[in-house]
file start22.txt (compact mmCIF, C-alpha atoms)
# COMPACT_ATOMS: atom_id res chain seq x y z
CA MET A 1 -61.89 -3.56 -42.30
CA ASN A 2 -65.33 -1.89 -42.25
CA ASP A 3 -65.01 -0.30 -45.68
CA LEU A 4 -67.55 -0.34 -48.48
CA THR A 5 -64.89 -0.71 -51.19
CA ASP A 6 -64.22 -3.97 -52.97
CA MET A 7 -62.29 -6.63 -51.12
CA ALA A 8 -59.03 -7.94 -52.58
CA CYS A 9 -58.10 -11.64 -52.53
CA GLN A 10 -55.35 -11.02 -49.95
CA GLU A 11 -57.77 -9.32 -47.59
CA LEU A 12 -60.20 -12.23 -47.96
CA VAL A 13 -57.44 -14.66 -46.98
CA GLU A 14 -56.66 -12.56 -43.89
CA VAL A 15 -60.27 -12.55 -42.60
CA ILE A 16 -61.53 -15.97 -43.68
CA THR A 17 -61.57 -17.25 -40.09
CA ASP A 18 -63.97 -14.50 -39.03
CA TYR A 19 -66.21 -15.36 -41.99
CA ILE A 20 -66.26 -19.10 -41.32
CA GLU A 21 -66.82 -18.59 -37.58
CA GLY A 22 -69.67 -16.15 -38.27
CA SER A 23 -68.04 -13.33 -36.30
CA MET A 24 -67.68 -10.89 -39.19
CA ASP A 25 -69.74 -7.70 -39.04
CA PRO A 26 -72.52 -7.38 -41.65
CA ILE A 27 -70.76 -4.79 -43.85
CA ASP A 28 -67.59 -6.85 -44.06
CA ARG A 29 -69.59 -10.04 -44.67
CA GLU A 30 -71.31 -8.30 -47.59
CA ARG A 31 -67.94 -7.29 -49.06
CA PHE A 32 -66.60 -10.82 -48.52
CA GLU A 33 -69.59 -12.46 -50.21
CA ARG A 34 -69.57 -9.94 -53.05
CA HIS A 35 -65.93 -10.87 -53.68
CA LEU A 36 -66.76 -14.60 -53.55
CA ALA A 37 -69.52 -14.09 -56.12
CA GLU A 38 -66.95 -12.79 -58.60
CA CYS A 39 -63.80 -14.76 -57.75
CA PRO A 40 -63.76 -18.51 -58.45
CA GLY A 41 -60.30 -18.88 -56.91
CA CYS A 42 -61.46 -17.48 -53.58
CA ARG A 43 -64.64 -19.59 -53.69
CA ASP A 44 -62.41 -22.64 -54.08
CA TYR A 45 -60.21 -21.43 -51.22
CA VAL A 46 -63.18 -21.02 -48.86
CA GLU A 47 -64.45 -24.50 -49.73
CA GLN A 48 -60.97 -25.97 -49.18
CA MET A 49 -60.84 -24.33 -45.76
CA ARG A 50 -64.27 -25.69 -44.85
CA LEU A 51 -63.26 -29.17 -45.99
CA THR A 52 -60.01 -28.96 -44.01
CA ILE A 53 -61.95 -28.00 -40.88
CA ARG A 54 -64.43 -30.87 -41.36
CA LEU A 55 -61.65 -33.39 -41.89
CA THR A 56 -59.48 -32.24 -39.00
CA ARG A 57 -62.46 -32.45 -36.66
CA MET A 58 -62.60 -36.16 -37.51
CA LEU A 59 -59.03 -36.75 -36.32
CA ARG A 60 -58.52 -38.26 -32.90
CA PRO A 61 -55.18 -38.16 -31.04
CA GLU A 62 -55.18 -41.93 -30.73
CA SER A 63 -55.40 -42.30 -34.52
CA LEU A 64 -51.96 -40.67 -34.93
CA SER A 65 -48.70 -42.49 -34.47
CA ALA A 66 -46.45 -41.23 -31.69
CA SER A 67 -43.92 -39.87 -34.19
CA THR A 68 -46.62 -38.04 -36.18
CA ARG A 69 -48.01 -36.56 -32.96
CA GLN A 70 -44.53 -35.32 -32.00
CA ASP A 71 -43.95 -33.87 -35.48
CA LEU A 72 -47.23 -31.96 -35.30
CA LEU A 73 -46.50 -30.66 -31.80
CA ARG A 74 -43.04 -29.53 -32.89
CA ALA A 75 -44.47 -27.76 -35.95
CA PHE A 76 -47.16 -25.95 -33.95
CA ARG A 77 -44.71 -24.92 -31.25
CA GLY A 78 -42.34 -23.56 -33.88
CA TRP A 79 -45.18 -21.68 -35.55
CA ARG A 80 -46.28 -20.25 -32.21
CA ARG A 81 -42.75 -19.14 -31.31
CA GLY A 82 -42.53 -17.35 -34.65
CA ARG A 83 -45.77 -15.51 -33.92
CA ASP A 84 -44.68 -14.53 -30.42
CA GLU A 85 -41.48 -12.89 -31.62
CA PRO A 86 -41.67 -9.12 -32.09
CA SER A 87 -41.78 -7.97 -35.67
CA PRO A 88 -38.70 -6.18 -37.05
CA GLY A 89 -38.75 -2.54 -36.06
CA GLY A 90 -41.72 -3.08 -33.75
call {"tool": "encode", "arguments": {"input": "start22.txt", "output": "structure tokens"}}
result
Amino acid sequence: MNDLTDMACQELVEVITDYIEGSMDPIDRERFERHLAECPGCRDYVEQMRLTIRLTRMLRPESLSASTRQDLLRAFRGWRRGRDEPSPGG
């Protein structure tokens, strides 16, 4: 990233993890926060992500039924396989 131009919503979505984890460099953080100051939709998105993180941290494996646990594992494995596959033409 590292560009002083305005940040688009799509770019914000792509780097939100770095922002929430506090690993974003200062210039990019400034662009991110400048965008948040002017975009209510992205402010809502960041708050939804923070809420999701807080709520998922409260989950315990034993609180899930066996079938739900298996469904989640299957979904994450499928997602991971999709990420591990080479992109078309690359």
call {"tool": "closest_residue", "arguments": {"input": "start22.txt", "among": "A:Arg74, A:Ile16, A:Gln48, A:Gly41", "to": "Arg29 in chain A", "atoms": "all atoms listed in the file"}}
result
A:Ile16
call {"tool": "residues_around", "arguments": {"input": "start22.txt", "residues": "range 53-64 of chain A", "least_positions_apart": "5", "cutoff": "12 Å", "atoms": "all atoms listed in the file", "output": "ChimeraX atom specification"}}
result
/A:17,20-21,46-48,69-73
call {"tool": "atom_distance", "arguments": {"input": "start22.txt", "atom1": "CA of Tyr19 in chain A", "atom2": "CA of Met49 in chain A"}}
result
11.1 Å
call {"tool": "closest_residue", "arguments": {"input": "start22.txt", "among": "A:Met7, A:Ser23, A:Leu51, A:Asp18", "to": "Ala37 in chain A", "atoms": "only C-alpha atoms"}}
result
A:Met7
call {"tool": "atom_distance", "arguments": {"input": "start22.txt", "atom1": "CA of Ala75 in chain A", "atom2": "CA of Thr52 in chain A"}}
result
17.5 Å
call {"tool": "residues_near_point", "arguments": {"input": "start22.txt", "point": "(-65.3, -8.6, -56.0)", "cutoff": "10 Å", "atoms": "only C-alpha atoms", "output": "short mmCIF file (atom, residue, chain, number, x, y, z; two decimals) with C-alpha atoms, in the coordinates of the input"}}
result
data_model
loop_
_atom_site.label_atom_id
_atom_site.label_comp_id
_atom_site.auth_asym_id
_atom_site.auth_seq_id
_atom_site.Cartn_x
_atom_site.Cartn_y
_atom_site.Cartn_z
CA THR A 5 -64.89 -0.71 -51.19
CA ASP A 6 -64.22 -3.97 -52.97
CA MET A 7 -62.29 -6.63 -51.12
CA ALA A 8 -59.03 -7.94 -52.58
CA CYS A 9 -58.10 -11.64 -52.53
CA ARG A 31 -67.94 -7.29 -49.06
CA PHE A 32 -66.60 -10.82 -48.52
CA GLU A 33 -69.59 -12.46 -50.21
CA ARG A 34 -69.57 -9.94 -53.05
CA HIS A 35 -65.93 -10.87 -53.68
CA LEU A 36 -66.76 -14.60 -53.55
CA ALA A 37 -69.52 -14.09 -56.12
CA GLU A 38 -66.95 -12.79 -58.60
CA CYS A 39 -63.80 -14.76 -57.75
CA CYS A 42 -61.46 -17.48 -53.58
#
call {"tool": "closest_residue", "arguments": {"input": "start22.txt", "among": "A:Tyr45, A:Leu12, A:Ser67, A:Arg81", "to": "Met24 in chain A", "atoms": "all atoms listed in the file"}}
result
A:Leu12
call {"tool": "atom_distance", "arguments": {"input": "start22.txt", "atom1": "CA of Glu14 in chain A", "atom2": "CA of Arg43 in chain A"}}
result
14.5 Å
call {"tool": "decode", "arguments": {"input": "start22.txt", "residues": "range 42-77 of chain A", "atoms": "N, CA and C atoms", "output": "PDB file, in the first residue's frame"}}
result
ATOM      1  N   CYS A  42     -17.986   1.868   5.806  1.00  0.00           N
ATOM      2  CA  CYS A  42     -16.750   1.218   6.250  1.00  0.00           C
ATOM      3  C   CYS A  42     -16.599   1.282   7.769  1.00  0.00           C
ATOM      4  N   ARG A  43     -17.065   2.367   8.397  1.00  0.00           N
ATOM      5  CA  ARG A  43     -17.057   2.418   9.861  1.00  0.00           C
ATOM      6  C   ARG A  43     -17.902   1.286  10.421  1.00  0.00           C
ATOM      7  N   ASP A  44     -19.078   1.088   9.831  1.00  0.00           N
ATOM      8  CA  ASP A  44     -19.947  -0.017  10.260  1.00  0.00           C
ATOM      9  C   ASP A  44     -19.249  -1.354  10.055  1.00  0.00           C
ATOM     10  N   TYR A  45     -18.571  -1.519   8.928  1.00  0.00           N
ATOM     11  CA  TYR A  45     -17.879  -2.765   8.622  1.00  0.00           C
ATOM     12  C   TYR A  45     -16.791  -3.059   9.660  1.00  0.00           C
ATOM     13  N   VAL A  46     -15.999  -2.053  10.009  1.00  0.00           N
ATOM     14  CA  VAL A  46     -14.938  -2.240  11.001  1.00  0.00           C
ATOM     15  C   VAL A  46     -15.553  -2.631  12.347  1.00  0.00           C
ATOM     16  N   GLU A  47     -16.624  -1.972  12.737  1.00  0.00           N
ATOM     17  CA  GLU A  47     -17.271  -2.321  14.011  1.00  0.00           C
ATOM     18  C   GLU A  47     -17.854  -3.726  13.974  1.00  0.00           C
ATOM     19  N   GLN A  48     -18.415  -4.135  12.846  1.00  0.00           N
ATOM     20  CA  GLN A  48     -18.930  -5.506  12.711  1.00  0.00           C
ATOM     21  C   GLN A  48     -17.802  -6.518  12.841  1.00  0.00           C
ATOM     22  N   MET A  49     -16.654  -6.229  12.253  1.00  0.00           N
ATOM     23  CA  MET A  49     -15.510  -7.130  12.363  1.00  0.00           C
ATOM     24  C   MET A  49     -15.025  -7.221  13.810  1.00  0.00           C
ATOM     25  N   ARG A  50     -14.963  -6.096  14.487  1.00  0.00           N
ATOM     26  CA  ARG A  50     -14.542  -6.104  15.899  1.00  0.00           C
ATOM     27  C   ARG A  50     -15.525  -6.900  16.757  1.00  0.00           C
ATOM     28  N   LEU A  51     -16.811  -6.725  16.511  1.00  0.00           N
ATOM     29  CA  LEU A  51     -17.828  -7.474  17.249  1.00  0.00           C
ATOM     30  C   LEU A  51     -17.716  -8.966  16.956  1.00  0.00           C
ATOM     31  N   THR A  52     -17.521  -9.320  15.716  1.00  0.00           N
ATOM     32  CA  THR A  52     -17.358 -10.730  15.332  1.00  0.00           C
ATOM     33  C   THR A  52     -16.173 -11.348  16.060  1.00  0.00           C
ATOM     34  N   ILE A  53     -15.072 -10.625  16.122  1.00  0.00           N
ATOM     35  CA  ILE A  53     -13.877 -11.124  16.819  1.00  0.00           C
ATOM     36  C   ILE A  53     -14.173 -11.314  18.299  1.00  0.00           C
ATOM     37  N   ARG A  54     -14.819 -10.323  18.924  1.00  0.00           N
ATOM     38  CA  ARG A  54     -15.148 -10.440  20.352  1.00  0.00           C
ATOM     39  C   ARG A  54     -16.043 -11.641  20.612  1.00  0.00           C
ATOM     40  N   LEU A  55     -17.059 -11.817  19.768  1.00  0.00           N
ATOM     41  CA  LEU A  55     -17.994 -12.919  19.979  1.00  0.00           C
ATOM     42  C   LEU A  55     -17.368 -14.279  19.723  1.00  0.00           C
ATOM     43  N   THR A  56     -16.545 -14.386  18.701  1.00  0.00           N
ATOM     44  CA  THR A  56     -15.933 -15.688  18.417  1.00  0.00           C
ATOM     45  C   THR A  56     -14.910 -16.066  19.477  1.00  0.00           C
ATOM     46  N   ARG A  57     -14.316 -15.095  20.122  1.00  0.00           N
ATOM     47  CA  ARG A  57     -13.386 -15.405  21.219  1.00  0.00           C
ATOM     48  C   ARG A  57     -14.124 -16.016  22.406  1.00  0.00           C
ATOM     49  N   MET A  58     -15.420 -15.773  22.491  1.00  0.00           N
ATOM     50  CA  MET A  58     -16.217 -16.318  23.592  1.00  0.00           C
ATOM     51  C   MET A  58     -16.606 -17.778  23.356  1.00  0.00           C
ATOM     52  N   LEU A  59     -16.521 -18.233  22.112  1.00  0.00           N
ATOM     53  CA  LEU A  59     -16.904 -19.611  21.795  1.00  0.00           C
ATOM     54  C   LEU A  59     -15.886 -20.594  22.359  1.00  0.00           C
ATOM     55  N   ARG A  60     -16.377 -21.701  22.826  1.00  0.00           N
ATOM     56  CA  ARG A  60     -15.535 -22.786  23.302  1.00  0.00           C
ATOM     57  C   ARG A  60     -15.914 -24.039  22.527  1.00  0.00           C
ATOM     58  N   PRO A  61     -14.945 -24.860  22.150  1.00  0.00           N
ATOM     59  CA  PRO A  61     -15.248 -26.070  21.372  1.00  0.00           C
ATOM     60  C   PRO A  61     -16.346 -26.912  22.009  1.00  0.00           C
ATOM     61  N   GLU A  62     -16.332 -27.008  23.318  1.00  0.00           N
ATOM     62  CA  GLU A  62     -17.329 -27.846  23.985  1.00  0.00           C
ATOM     63  C   GLU A  62     -18.745 -27.267  23.924  1.00  0.00           C
ATOM     64  N   SER A  63     -18.872 -25.997  23.540  1.00  0.00           N
ATOM     65  CA  SER A  63     -20.203 -25.405  23.435  1.00  0.00           C
ATOM     66  C   SER A  63     -20.871 -25.715  22.086  1.00  0.00           C
ATOM     67  N   LEU A  64     -20.115 -26.309  21.165  1.00  0.00           N
ATOM     68  CA  LEU A  64     -20.644 -26.645  19.843  1.00  0.00           C
ATOM     69  C   LEU A  64     -21.055 -28.110  19.793  1.00  0.00           C
ATOM     70  N   SER A  65     -22.127 -28.379  19.107  1.00  0.00           N
ATOM     71  CA  SER A  65     -22.516 -29.772  18.907  1.00  0.00           C
ATOM     72  C   SER A  65     -21.494 -30.436  17.982  1.00  0.00           C
ATOM     73  N   ALA A  66     -21.435 -31.742  18.028  1.00  0.00           N
ATOM     74  CA  ALA A  66     -20.487 -32.475  17.182  1.00  0.00           C
ATOM     75  C   ALA A  66     -20.736 -32.190  15.702  1.00  0.00           C
ATOM     76  N   SER A  67     -21.998 -32.125  15.298  1.00  0.00           N
ATOM     77  CA  SER A  67     -22.295 -31.883  13.881  1.00  0.00           C
ATOM     78  C   SER A  67     -21.899 -30.459  13.472  1.00  0.00           C
ATOM     79  N   THR A  68     -22.113 -29.495  14.341  1.00  0.00           N
ATOM     80  CA  THR A  68     -21.710 -28.120  14.044  1.00  0.00           C
ATOM     81  C   THR A  68     -20.195 -28.030  13.939  1.00  0.00           C
ATOM     82  N   ARG A  69     -19.491 -28.684  14.838  1.00  0.00           N
ATOM     83  CA  ARG A  69     -18.034 -28.700  14.811  1.00  0.00           C
ATOM     84  C   ARG A  69     -17.535 -29.288  13.484  1.00  0.00           C
ATOM     85  N   GLN A  70     -18.142 -30.391  13.056  1.00  0.00           N
ATOM     86  CA  GLN A  70     -17.745 -31.018  11.790  1.00  0.00           C
ATOM     87  C   GLN A  70     -18.052 -30.117  10.597  1.00  0.00           C
ATOM     88  N   ASP A  71     -19.204 -29.446  10.632  1.00  0.00           N
ATOM     89  CA  ASP A  71     -19.558 -28.522   9.549  1.00  0.00           C
ATOM     90  C   ASP A  71     -18.543 -27.384   9.447  1.00  0.00           C
ATOM     91  N   LEU A  72     -18.149 -26.842  10.593  1.00  0.00           N
ATOM     92  CA  LEU A  72     -17.168 -25.758  10.598  1.00  0.00           C
ATOM     93  C   LEU A  72     -15.809 -26.239  10.090  1.00  0.00           C
ATOM     94  N   LEU A  73     -15.374 -27.399  10.553  1.00  0.00           N
ATOM     95  CA  LEU A  73     -14.102 -27.940  10.080  1.00  0.00           C
ATOM     96  C   LEU A  73     -14.118 -28.171   8.578  1.00  0.00           C
ATOM     97  N   ARG A  74     -15.209 -28.710   8.073  1.00  0.00           N
ATOM     98  CA  ARG A  74     -15.341 -28.962   6.638  1.00  0.00           C
ATOM     99  C   ARG A  74     -15.291 -27.640   5.862  1.00  0.00           C
ATOM    100  N   ALA A  75     -15.975 -26.623   6.370  1.00  0.00           N
ATOM    101  CA  ALA A  75     -15.987 -25.320   5.692  1.00  0.00           C
ATOM    102  C   ALA A  75     -14.598 -24.699   5.669  1.00  0.00           C
ATOM    103  N   PHE A  76     -13.890 -24.734   6.796  1.00  0.00           N
ATOM    104  CA  PHE A  76     -12.551 -24.149   6.845  1.00  0.00           C
ATOM    105  C   PHE A  76     -11.574 -24.924   5.985  1.00  0.00           C
ATOM    106  N   ARG A  77     -11.688 -26.233   5.960  1.00  0.00           N
ATOM    107  CA  ARG A  77     -10.799 -27.032   5.114  1.00  0.00           C
ATOM    108  C   ARG A  77     -11.056 -26.727   3.642  1.00  0.00           C
TER     109      ARG A  77
END
